[in-house]
Structures are given as C-alpha cells and as structure tokens.
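Asks: This is the content of entry_15.txt (compact mmCIF, C-alpha atoms):
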```
# COMPACT_ATOMS: atom_id res chain seq x y z
CA MET A 1 6.79 -5.73 14.23
CA THR A 2 5.63 -7.78 11.24
CA GLN A 3 8.10 -10.36 9.95
CA PHE A 4 8.64 -10.90 6.23
CA SER A 5 9.21 -14.39 4.91
CA TYR A 6 10.62 -15.65 1.62
CA HIS A 7 8.46 -18.36 0.02
CA ALA A 8 10.39 -21.40 -1.24
CA SER A 9 8.22 -22.83 -4.01
CA HIS A 10 8.99 -26.54 -4.43
CA GLU A 11 6.72 -26.73 -7.48
CA GLN A 12 8.95 -24.30 -9.39
CA PHE A 13 12.55 -24.94 -8.35
CA ALA A 14 14.89 -27.80 -7.55
CA PRO A 15 15.50 -28.32 -3.81
CA SER A 16 19.20 -27.50 -4.11
CA GLU A 17 18.36 -24.15 -5.73
CA LEU A 18 15.81 -23.40 -3.00
CA VAL A 19 18.43 -23.99 -0.29
CA ARG A 20 20.61 -21.34 -1.96
CA CYS A 21 17.63 -18.98 -2.20
CA ALA A 22 16.74 -19.53 1.46
CA VAL A 23 20.29 -18.79 2.59
CA LEU A 24 20.44 -15.66 0.43
CA ALA A 25 17.07 -14.47 1.75
CA GLY A 26 18.24 -14.84 5.33
CA GLN A 27 21.44 -12.96 4.56
CA THR A 28 19.62 -10.17 2.70
CA GLY A 29 17.09 -9.21 5.35
CA PHE A 30 14.17 -11.63 5.23
CA ASP A 31 13.07 -12.70 8.71
CA ALA A 32 11.85 -16.21 7.88
CA ILE A 33 11.42 -18.84 5.17
CA ALA A 34 8.15 -20.51 4.15
CA SER A 35 7.93 -23.81 2.30
CA SER A 36 5.25 -25.31 0.10
CA ASP A 37 4.59 -29.07 0.08
CA HIS A 38 3.37 -30.76 -3.12
CA PHE A 39 3.73 -34.12 -4.79
CA HIS A 40 2.96 -32.63 -8.23
CA PRO A 41 3.39 -29.12 -9.61
CA TRP A 42 0.31 -27.27 -10.89
CA SER A 43 1.81 -27.02 -14.38
CA LYS A 44 4.40 -28.83 -16.48
CA ARG A 45 6.07 -25.44 -16.94
CA GLN A 46 6.75 -25.28 -13.21
CA GLY A 47 8.41 -28.66 -13.40
CA HIS A 48 9.44 -29.65 -9.84
CA SER A 49 8.10 -31.35 -6.70
CA GLY A 50 10.82 -31.83 -4.10
CA PHE A 51 10.00 -33.47 -0.75
CA SER A 52 9.56 -30.61 1.69
CA PHE A 53 10.36 -32.44 4.92
CA ALA A 54 13.72 -33.66 3.60
CA TRP A 55 14.48 -30.18 2.29
CA LEU A 56 13.61 -28.53 5.61
CA GLY A 57 16.31 -30.47 7.46
CA ALA A 58 18.97 -29.22 5.04
CA ALA A 59 17.66 -25.67 4.72
CA MET A 60 17.18 -25.12 8.46
CA GLN A 61 20.75 -26.30 9.07
CA ALA A 62 22.02 -23.90 6.40
CA SER A 63 20.09 -20.86 7.65
CA SER A 64 19.32 -19.65 11.17
CA VAL A 65 15.97 -17.92 10.55
CA PRO A 66 12.55 -19.43 11.46
CA PHE A 67 10.81 -21.68 8.93
CA SER A 68 7.23 -22.68 8.23
CA MET A 69 5.42 -25.00 5.86
CA VAL A 70 1.91 -25.86 4.72
CA CYS A 71 0.96 -29.52 4.53
CA ALA A 72 -2.20 -31.61 4.27
CA PRO A 73 -2.24 -34.66 6.55
CA GLY A 74 -4.82 -37.40 6.26
CA GLN A 75 -4.40 -39.13 2.90
CA ARG A 76 -0.95 -38.82 1.33
CA TYR A 77 0.50 -38.40 4.82
CA HIS A 78 -0.57 -40.44 7.83
CA PRO A 79 -0.78 -37.97 10.74
CA ALA A 80 1.50 -40.04 12.99
CA ILE A 81 4.28 -39.78 10.38
CA VAL A 82 3.73 -36.04 9.97
CA ALA A 83 3.84 -35.62 13.75
CA GLN A 84 7.11 -37.57 13.88
CA ALA A 85 8.62 -35.37 11.15
CA ILE A 86 7.48 -32.16 12.86
CA ALA A 87 8.74 -33.31 16.27
CA THR A 88 12.13 -34.23 14.80
CA LEU A 89 12.58 -30.82 13.16
CA CYS A 90 11.46 -29.04 16.33
CA GLU A 91 13.89 -31.06 18.46
CA MET A 92 16.80 -30.13 16.19
CA PHE A 93 15.74 -26.50 15.69
CA PRO A 94 13.84 -25.39 18.82
CA GLY A 95 11.41 -22.52 18.38
CA ARG A 96 12.13 -22.17 14.66
CA PHE A 97 9.33 -24.16 13.01
CA ASP A 98 5.61 -23.53 12.52
CA VAL A 99 3.23 -25.74 10.55
CA ALA A 100 0.08 -24.73 8.70
CA LEU A 101 -2.41 -27.50 8.03
CA GLY A 102 -4.91 -27.67 5.18
CA SER A 103 -7.43 -30.11 3.80
CA GLY A 104 -5.38 -30.67 0.64
CA GLU A 105 -5.84 -30.88 -3.11
CA ALA A 106 -6.69 -33.89 -5.25
CA LEU A 107 -3.62 -33.05 -7.36
CA ASN A 108 -1.38 -34.37 -4.58
CA GLU A 109 -3.51 -36.63 -2.43
CA GLN A 110 -5.02 -38.96 -5.05
CA ILE A 111 -1.67 -40.67 -5.59
CA THR A 112 -2.70 -43.08 -2.80
CA GLY A 113 -5.47 -44.50 -4.98
CA GLU A 114 -8.06 -43.71 -2.32
CA LYS A 115 -11.26 -41.86 -3.16
CA TRP A 116 -10.93 -38.09 -2.90
CA PRO A 117 -13.49 -37.03 -0.26
CA ASP A 118 -15.83 -34.05 -0.42
CA LYS A 119 -14.80 -30.83 1.30
CA ARG A 120 -16.87 -31.47 4.43
CA THR A 121 -15.24 -34.86 4.96
CA ARG A 122 -11.77 -33.44 4.29
CA THR A 123 -12.36 -30.75 6.90
CA GLN A 124 -13.49 -33.34 9.46
CA ARG A 125 -10.44 -35.48 8.64
CA LEU A 126 -8.12 -32.51 9.13
CA LYS A 127 -9.50 -31.82 12.60
CA GLU A 128 -8.97 -35.49 13.54
CA CYS A 129 -5.34 -35.16 12.41
CA VAL A 130 -4.86 -32.04 14.54
CA ASP A 131 -6.23 -33.82 17.62
CA ILE A 132 -3.89 -36.76 16.96
CA PHE A 133 -0.90 -34.39 16.60
CA ARG A 134 -1.61 -32.78 19.93
CA GLN A 135 -1.93 -36.09 21.72
CA LEU A 136 1.34 -37.33 20.21
CA PHE A 137 3.17 -34.07 21.02
CA ALA A 138 1.99 -34.51 24.62
CA GLY A 139 3.77 -37.89 24.74
CA GLU A 140 0.57 -39.93 24.79
CA THR A 141 0.04 -43.34 23.21
CA VAL A 142 -2.64 -42.77 20.59
CA ASN A 143 -5.36 -45.12 19.44
CA HIS A 144 -7.98 -43.60 17.17
CA GLN A 145 -10.73 -45.05 15.00
CA GLY A 146 -12.44 -42.54 12.73
CA LEU A 147 -11.77 -41.18 9.28
CA ILE A 148 -8.16 -41.70 10.40
CA ARG A 149 -6.97 -44.89 12.09
CA VAL A 150 -4.10 -44.95 14.54
CA GLU A 151 -2.97 -47.90 16.62
CA ASN A 152 -0.51 -47.72 19.54
CA ALA A 153 1.39 -44.70 18.20
CA LYS A 154 3.78 -42.88 20.54
CA LEU A 155 6.54 -40.38 19.84
CA TYR A 156 9.73 -40.97 21.81
CA THR A 157 11.64 -37.98 20.41
CA LEU A 158 9.74 -34.88 21.49
CA PRO A 159 10.63 -31.21 21.09
CA SER A 160 11.33 -29.02 24.11
CA GLN A 161 9.16 -26.33 22.49
CA LEU A 162 5.93 -27.39 20.78
CA PRO A 163 5.25 -26.08 17.26
CA ARG A 164 2.35 -23.76 16.57
CA LEU A 165 -0.32 -25.43 14.44
CA PHE A 166 -1.86 -22.91 12.05
CA CYS A 167 -4.86 -23.51 9.82
CA ALA A 168 -4.52 -22.69 6.12
CA ALA A 169 -7.83 -21.08 5.12
CA VAL A 170 -8.94 -19.33 1.95
CA SER A 171 -12.65 -18.81 2.69
CA LYS A 172 -14.15 -16.90 5.61
CA GLU A 173 -16.16 -20.02 6.52
CA THR A 174 -13.01 -22.10 6.98
CA ALA A 175 -11.31 -19.25 8.82
CA GLN A 176 -14.22 -19.00 11.27
CA TRP A 177 -14.12 -22.77 11.88
CA ALA A 178 -10.36 -22.59 12.47
CA GLY A 179 -10.66 -19.87 15.10
CA ALA A 180 -11.93 -22.42 17.61
CA TRP A 181 -8.94 -24.80 17.45
CA ALA A 182 -5.96 -23.45 15.50
CA ASP A 183 -2.98 -21.70 17.11
CA GLY A 184 -3.04 -19.23 14.23
CA LEU A 185 -4.29 -18.57 10.71
CA ILE A 186 -2.57 -18.37 7.35
CA THR A 187 -4.44 -17.08 4.33
CA VAL A 188 -3.68 -15.64 0.88
CA HIS A 189 -3.98 -12.07 -0.32
CA ARG A 190 -6.99 -10.86 -2.25
CA PRO A 191 -8.86 -7.52 -2.53
CA PHE A 192 -8.65 -5.79 0.86
CA ASP A 193 -12.33 -6.02 1.81
CA GLU A 194 -12.41 -9.77 1.12
CA LEU A 195 -9.18 -10.32 3.06
CA LYS A 196 -10.55 -8.39 6.04
CA GLN A 197 -13.64 -10.60 6.08
CA VAL A 198 -11.45 -13.72 6.36
CA VAL A 199 -9.38 -12.19 9.19
CA ASP A 200 -12.49 -10.98 11.03
CA ALA A 201 -14.14 -14.39 10.71
CA PHE A 202 -11.14 -16.06 12.36
CA ARG A 203 -10.96 -13.52 15.16
CA SER A 204 -14.70 -13.63 15.84
CA ASN A 205 -14.77 -17.34 16.70
CA GLY A 206 -11.88 -17.82 19.11
CA GLY A 207 -9.00 -16.43 17.04
CA GLU A 208 -8.76 -13.03 18.73
CA GLY A 209 -5.18 -12.49 19.89
CA LYS A 210 -3.82 -15.44 17.89
CA PRO A 211 -1.18 -14.84 15.19
CA ILE A 212 -2.22 -14.48 11.56
CA HIS A 213 0.04 -14.91 8.55
CA LEU A 214 -0.54 -13.76 4.98
CA LYS A 215 0.88 -15.24 1.77
CA VAL A 216 1.27 -12.60 -0.92
CA GLN A 217 1.63 -13.74 -4.53
CA LEU A 218 3.54 -11.19 -6.56
CA SER A 219 5.62 -10.89 -9.69
CA TYR A 220 8.63 -8.61 -9.61
CA ALA A 221 11.15 -8.33 -12.44
CA GLN A 222 13.20 -5.73 -14.35
CA THR A 223 10.21 -4.46 -16.34
CA ASP A 224 6.45 -4.56 -15.92
CA ASN A 225 6.19 -6.59 -19.11
CA SER A 226 8.67 -9.24 -17.97
CA ALA A 227 6.92 -9.39 -14.58
CA LEU A 228 3.57 -9.97 -16.31
CA ASN A 229 5.01 -12.53 -18.72
CA GLY A 230 6.73 -14.39 -15.88
CA ALA A 231 3.55 -14.50 -13.81
CA TYR A 232 1.51 -15.70 -16.79
CA ASP A 233 4.00 -18.43 -17.64
CA GLN A 234 4.39 -19.80 -14.12
CA TRP A 235 1.18 -19.02 -12.27
CA ARG A 236 -1.82 -18.93 -14.59
CA THR A 237 -2.82 -22.40 -13.41
CA ASN A 238 -3.12 -21.08 -9.84
CA ILE A 239 -5.58 -18.20 -10.06
CA PHE A 240 -8.80 -20.23 -9.84
CA GLN A 241 -11.17 -20.41 -6.89
CA GLY A 242 -10.24 -22.80 -4.06
CA THR A 243 -13.07 -25.16 -5.01
CA VAL A 244 -11.43 -25.66 -8.42
CA LEU A 245 -7.88 -25.89 -7.07
CA GLY A 246 -8.95 -28.59 -4.63
CA GLU A 247 -10.69 -30.84 -7.12
CA LEU A 248 -8.63 -30.98 -10.34
CA PRO A 249 -6.78 -34.32 -10.25
CA SER A 250 -3.66 -33.81 -12.37
CA THR A 251 -1.15 -31.35 -13.76
CA ALA A 252 -2.64 -31.91 -17.22
CA HIS A 253 -6.06 -30.84 -15.94
CA PHE A 254 -4.62 -27.62 -14.51
CA ASP A 255 -2.81 -26.83 -17.76
CA ALA A 256 -6.02 -27.47 -19.73
CA ALA A 257 -8.08 -25.28 -17.39
CA ALA A 258 -5.59 -22.42 -17.82
CA GLU A 259 -5.71 -22.43 -21.63
CA PHE A 260 -8.31 -19.66 -21.61
CA VAL A 261 -6.67 -17.50 -18.94
CA LYS A 262 -5.55 -14.15 -20.38
CA GLN A 263 -2.61 -12.09 -19.19
CA GLU A 264 -4.85 -9.36 -17.80
CA ASP A 265 -6.62 -12.01 -15.68
CA MET A 266 -3.44 -12.43 -13.65
CA LYS A 267 -3.63 -9.02 -12.01
CA ARG A 268 -6.52 -9.84 -9.68
CA MET A 269 -4.64 -12.69 -7.97
CA VAL A 270 -0.99 -11.63 -8.43
CA ARG A 271 0.54 -8.23 -7.64
CA ILE A 272 2.51 -7.44 -10.78
CA SER A 273 4.97 -4.55 -10.91
CA ALA A 274 8.64 -3.82 -11.60
CA ASP A 275 8.50 -0.88 -9.18
CA PRO A 276 9.62 -1.97 -5.70
CA TYR A 277 7.82 0.97 -4.11
CA GLN A 278 4.52 -0.07 -5.67
CA HIS A 279 4.96 -3.29 -3.72
CA VAL A 280 5.68 -1.22 -0.59
CA ASP A 281 2.35 0.60 -1.06
CA TRP A 282 0.45 -2.68 -1.51
CA LEU A 283 2.06 -4.19 1.57
CA LYS A 284 1.33 -1.10 3.69
CA GLU A 285 -2.38 -1.86 3.37
CA ASP A 286 -1.82 -5.47 4.44
CA LEU A 287 0.02 -4.32 7.55
CA SER A 288 -3.09 -2.55 8.80
CA LEU A 289 -4.74 -5.92 9.51
CA GLY A 290 -2.11 -6.88 12.06
CA PHE A 291 -0.31 -9.78 10.40
CA GLU A 292 2.49 -11.31 12.45
CA ARG A 293 4.20 -12.52 9.28
CA ILE A 294 3.78 -11.77 5.57
CA ILE A 295 5.11 -14.44 3.20
CA LEU A 296 6.32 -13.03 -0.12
CA HIS A 297 6.16 -15.37 -3.10
CA ASN A 298 7.65 -14.07 -6.32
CA VAL A 299 5.82 -16.36 -8.73
CA ASN A 300 8.12 -15.84 -11.71
CA ARG A 301 11.49 -17.53 -12.08
CA GLU A 302 13.69 -14.49 -11.28
CA GLN A 303 14.39 -15.23 -7.62
CA GLU A 304 17.82 -13.73 -6.90
CA GLN A 305 16.96 -10.24 -8.13
CA PHE A 306 13.70 -10.35 -6.17
CA ILE A 307 15.45 -11.44 -2.96
CA ARG A 308 18.16 -8.78 -3.23
CA ASP A 309 15.89 -5.89 -4.24
CA PHE A 310 13.22 -6.64 -1.64
CA GLY A 311 15.81 -7.31 1.05
CA ASN A 312 17.67 -4.09 0.30
CA HIS A 313 14.77 -1.74 -0.53
CA VAL A 314 11.24 -3.02 0.11
CA LEU A 315 11.69 -4.53 3.58
CA PRO A 316 13.67 -1.56 5.01
CA ALA A 317 10.99 0.82 3.70
CA LEU A 318 8.26 -1.18 5.43
CA ARG A 319 10.20 -1.45 8.68
CA SER A 320 10.69 2.32 8.79
CA LEU A 321 6.93 3.00 8.87
```
Before anything else, please render the file you have as structure tokens.
Replies:
Amino acid sequence: MTQFSYHASHEQFAPSELVRCAVLAGQTGFDAIASSDHFHPWSKRQGHSGFSFAWLGAAMQASSVPFSMVCAPGQRYHPAIVAQAIATLCEMFPGRFDVALGSGEALNEQITGEKWPDKRTRTQRLKECVDIFRQLFAGETVNHQGLIRVENAKLYTLPSQLPRLFCAAVSKETAQWAGAWADGLITVHRPFDELKQVVDAFRSNGGEGKPIHLKVQLSYAQTDNSALNGAYDQWRTNIFQGTVLGELPSTAHFDAAAEFVKQEDMKRMVRISADPYQHVDWLKEDLSLGFERIILHNVNREQEQFIRDFGNHVLPALRSL
C-alpha cells in the first residue's frame, strides 16, 4: 500500500515549527515525513533556511515514523561529511531514513565561491559522490581523485541497516540515467502523460522493481481563493523549468523572475483546491503508476489545517480504494 508523507519545507518555516508539524502529521495519519535541504529560500517571502541534518536528529527523536530528505552533495557538502551524517542518523534510527540525491541548484551551492558547473559536470559529480557513499557505508577507507577529492576517509560509526539512496530526477533523461545506479527514484508531479514518461524511463534502464516516490505540490485552504492566493504568495518562484531553477544564483533573482508570473499560471504546477475530495481524485491517478510513497507539500502557510484535514479525510479515502 502506498505511504503518504508530509513535506517539511525548511524554506518556509522555522525548524521548531516544522518539528511540531512533523509530530502532528505522524499523530494524524501520515506515514512518513520528508525534508527539504536548502541554504537559501527561493523567495524572501518564504523567509527561512534551517539546517536539515540538525533538524532531522530532533524531529526523528520526536516522531516514530520514517523520514527522508533530498540533498545535493559535491559542492556545498563534501560527500564524506554527508555520508557521516547519514550513517549517524541511520545508526540512531535504524530503517527509518532514506536519502534522495540531486545535482543541486546554484542558489544553494554557490555559497562556496566555487564556479557553478554545467549540468553534465554536476551529474558526473553526483555519481562520484554516490560511489563514495557506498564505499564509506561498506566500511572502506576511501581515496578518490576526480571532480571530488577524498583522502583516507573512513566511517567508524556505521548503521546496522544501510539507507536507500534515491535519485531526485525531474526530466526523463535524468530518470533513465538513474535507473542504472539508484536504489529508487523521486520525482515531482506534472501532467499525467509527462509523469508516466519519467517513471517509464527509470524503469526501462534498470529501475524495474525499484521503489519510486512522488512529491506533489498542492495548495489546500478554507476557500479556493485563499488556496490560490497562498500558492501565489509562497510558490510562484518555484514553477519554472528545472533548467531555470538550477541556474539562478540568488533569492533576488528568483523574486525578479517571478514578477511576471500570474495567478492562473500556478495551476499547471500546483494542485489548488479547497475541496479535499478533489485532492483525492487527483491522487487516485497518481496511485496508478505504482508509487511506494507520495509526499504531500502544502505550499501555502496554512499547515495545521492541511495536516488535520488530509489526515482525517483525504488519506483514509485513499486507503479505502
């Protein structure tokens, strides 16, 4: 049966508030919690950027459900440090943590002062990081000279159960590449035919039988108008193509790019409705693709009502199918 995860958006809320949301979600019927990982928000209106790895230790202690996160090793994070953080969380919370890995966005990674590489180089760098992770999780001493450099790195605290390493992919090309090496795929919702192409690309190149996760961006509030206004306020900087999202270097650039976004533009990338059963109908279609987990991100600021209404109405309706 598909699991449903609450998305803890560090770009939009203070870490202390997200711990409370995570606990409430677990108590209200969500099966898991997903975490973002940014150094900057996409917009000044979002206004936060808590450190995900520190937050995960607190949130996983406060709630007993599984957790996951998306991070981008290779520039802001050295892969040996990410591997150490992952191994530590997995040792403390066995079997409760998955990690999705992506090639990153300039918005977060350029803080190091290093040149932001092209997409091909970022993809190659990501695969090097994955190989380094797996060597370290196997208890090996790692030396590596490539786009990433590692010298005499060895993890002495290892988990009894290794984490699954997912690939975060938006395009069908990246999904196909990931099928050969990733333990699973996470992607984002879009029109059904486009989403199916991404899933099929992953499965066709080694991903058959591996778990796939879907992140759904939605806006749920008391009225359709407040749901639309909330989505427009918080998420209009996030509806661009992945090539744009990956290259813009600062929050100010994202806010400038979104100046010409209209409210009606939001509906292609965000599911906007105050009717919980409209969301049930949308999610029914997603279920047909065989997702192990669907991550629900309410992009407006009304989190408690969303958690309670989805936990009490939407998730039971989906589980009864």
Asks: Near A:Gly104, counting only C-alpha atoms, which residues have an atom at most 9 Å away, once you skip same-chain residues fewer than 2 positions from it, shown as a PDB file with C-alpha atoms, in the frame of the given file?
Replies:
```pdb
ATOM      1  CA  CYS A  71       0.960 -29.520   4.530  1.00  0.00           C
ATOM      2  CA  ALA A  72      -2.200 -31.610   4.270  1.00  0.00           C
ATOM      3  CA  PRO A  73      -2.240 -34.660   6.550  1.00  0.00           C
ATOM      4  CA  GLY A  74      -4.820 -37.400   6.260  1.00  0.00           C
ATOM      5  CA  GLN A  75      -4.400 -39.130   2.900  1.00  0.00           C
ATOM      6  CA  LEU A 101      -2.410 -27.500   8.030  1.00  0.00           C
ATOM      7  CA  GLY A 102      -4.910 -27.670   5.180  1.00  0.00           C
ATOM      8  CA  ALA A 106      -6.690 -33.890  -5.250  1.00  0.00           C
ATOM      9  CA  LEU A 107      -3.620 -33.050  -7.360  1.00  0.00           C
ATOM     10  CA  ASN A 108      -1.380 -34.370  -4.580  1.00  0.00           C
ATOM     11  CA  GLU A 109      -3.510 -36.630  -2.430  1.00  0.00           C
ATOM     12  CA  ARG A 122     -11.770 -33.440   4.290  1.00  0.00           C
ATOM     13  CA  GLY A 246      -8.950 -28.590  -4.630  1.00  0.00           C
TER      14      GLY A 246
END
```
Asks: Using all atoms listed in the file, what does the table of stretch 248-284 of chain A residues within 7 Å of stretch 233-244 of chain A look like, with each row giving the shortest atom pair and its distance in Å to one decimal, sorted by chain and ascending number, as a tab-separated table?
Replies:
```
residue	atom	partner	partner_atom	distance
A:Leu248	CA	A:Val244	CA	6.3
A:Phe254	CA	A:Thr237	CA	5.6
A:Asp255	CA	A:Thr237	CA	6.2
A:Ala258	CA	A:Thr237	CA	5.2
A:Val261	CA	A:Arg236	CA	6.7
A:Met266	CA	A:Arg236	CA	6.8
A:Met269	CA	A:Ile239	CA	6.0
```
Asks: Quick one: residues within 9 Å of A:Asp286, only C-alpha atoms, excluding same-chain residues fewer than 2 positions away - as a list of chain:residue names?
Replies: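 Near A:Asp286, the qualifying residues are A:His189, A:Phe192, A:Leu195, A:Leu214, A:Trp282, A:Leu283, A:Lys284, A:Ser288, A:Leu289, A:Gly290, A:Phe291, A:Ile294.
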Asks: What is the atom CA of A:Glu264-atom CA of A:His313 distance in Å, reported with one decimal?
Replies: 27.2 Å
Asks: Using all atoms listed in the file, give me every residue within 12 Å of (-12.3, -23.5, 19.3) in file coordinates, as a ChimeraX atom specification.
Replies: /A:127,175-184,202-208,210
Asks: What is the distance, in Å and to one decimal place, between atom CA of A:Leu24 and atom CA of A:Ala62?
Replies: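 Atom-to-atom, atom CA of A:Leu24 and atom CA of A:Ala62 are spaced 10.3 Å apart.
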Asks: Choose the residue, out of A:Leu296, A:Leu185, A:Cys167, A:Leu126, that has the smallest atom-to-atom separation from A:Ile148; count all atoms listed in the file.
Replies: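 Among the listed residues, the smallest separation from A:Ile148 belongs to A:Leu126.
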Asks: Looking at A:Tyr156, A:Phe51, A:Phe4, A:Phe133, which one is nearest to A:Ala34, with distances taken over only C-alpha atoms?
Replies: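 Ranked by minimum distance to A:Ala34, first place goes to A:Phe4.
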Asks: Pick out the closest residue to A:Asn143 from this set: A:Glu128, A:Pro117, A:Val198, A:Ser171. Count all atoms listed in the file.
Replies: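 Looking at the shortest contact to A:Asn143, the residue is A:Glu128.
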Asks: Could you tell me how far atom CA of A:Ser36 sits from atom CA of A:Ala169, in Å to one decimal place?
Replies: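 These atoms are spaced 14.6 Å apart.
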Asks: I'd like the neighbourhood of stretch 14-19 of chain A as a PDB file with C-alpha atoms, keeping the file's coordinate frame, where a residue qualifies if any of its atoms comes within 8 Å (using only C-alpha atoms), though same-chain residues fewer than 6 positions away should be ignored.
Replies:
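Wrote it out as result_31.pdb, contents follow:
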```pdb
ATOM      1  CA  ALA A   8      10.390 -21.400  -1.240  1.00  0.00           C
ATOM      2  CA  HIS A  48       9.440 -29.650  -9.840  1.00  0.00           C
ATOM      3  CA  SER A  49       8.100 -31.350  -6.700  1.00  0.00           C
ATOM      4  CA  GLY A  50      10.820 -31.830  -4.100  1.00  0.00           C
ATOM      5  CA  TRP A  55      14.480 -30.180   2.290  1.00  0.00           C
ATOM      6  CA  ALA A  58      18.970 -29.220   5.040  1.00  0.00           C
ATOM      7  CA  ALA A  59      17.660 -25.670   4.720  1.00  0.00           C
ATOM      8  CA  ALA A  62      22.020 -23.900   6.400  1.00  0.00           C
TER       9      ALA A  62
END
```
Asks: Have a look at A:Pro41, A:Pro316, A:Gly29, A:Gly95 and name the one nearest to A:Arg164; count all atoms listed in the file.
Replies: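 The answer is A:Gly95, which sits nearest to A:Arg164.
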Asks: Rank nothing, just name the residue among A:Glu292, A:Glu247, A:Glu304, A:Asp98 nearest to A:Asp118, using all atoms listed in the file.
Replies: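 Answer, going by the shortest atom-to-atom distance: A:Glu247.
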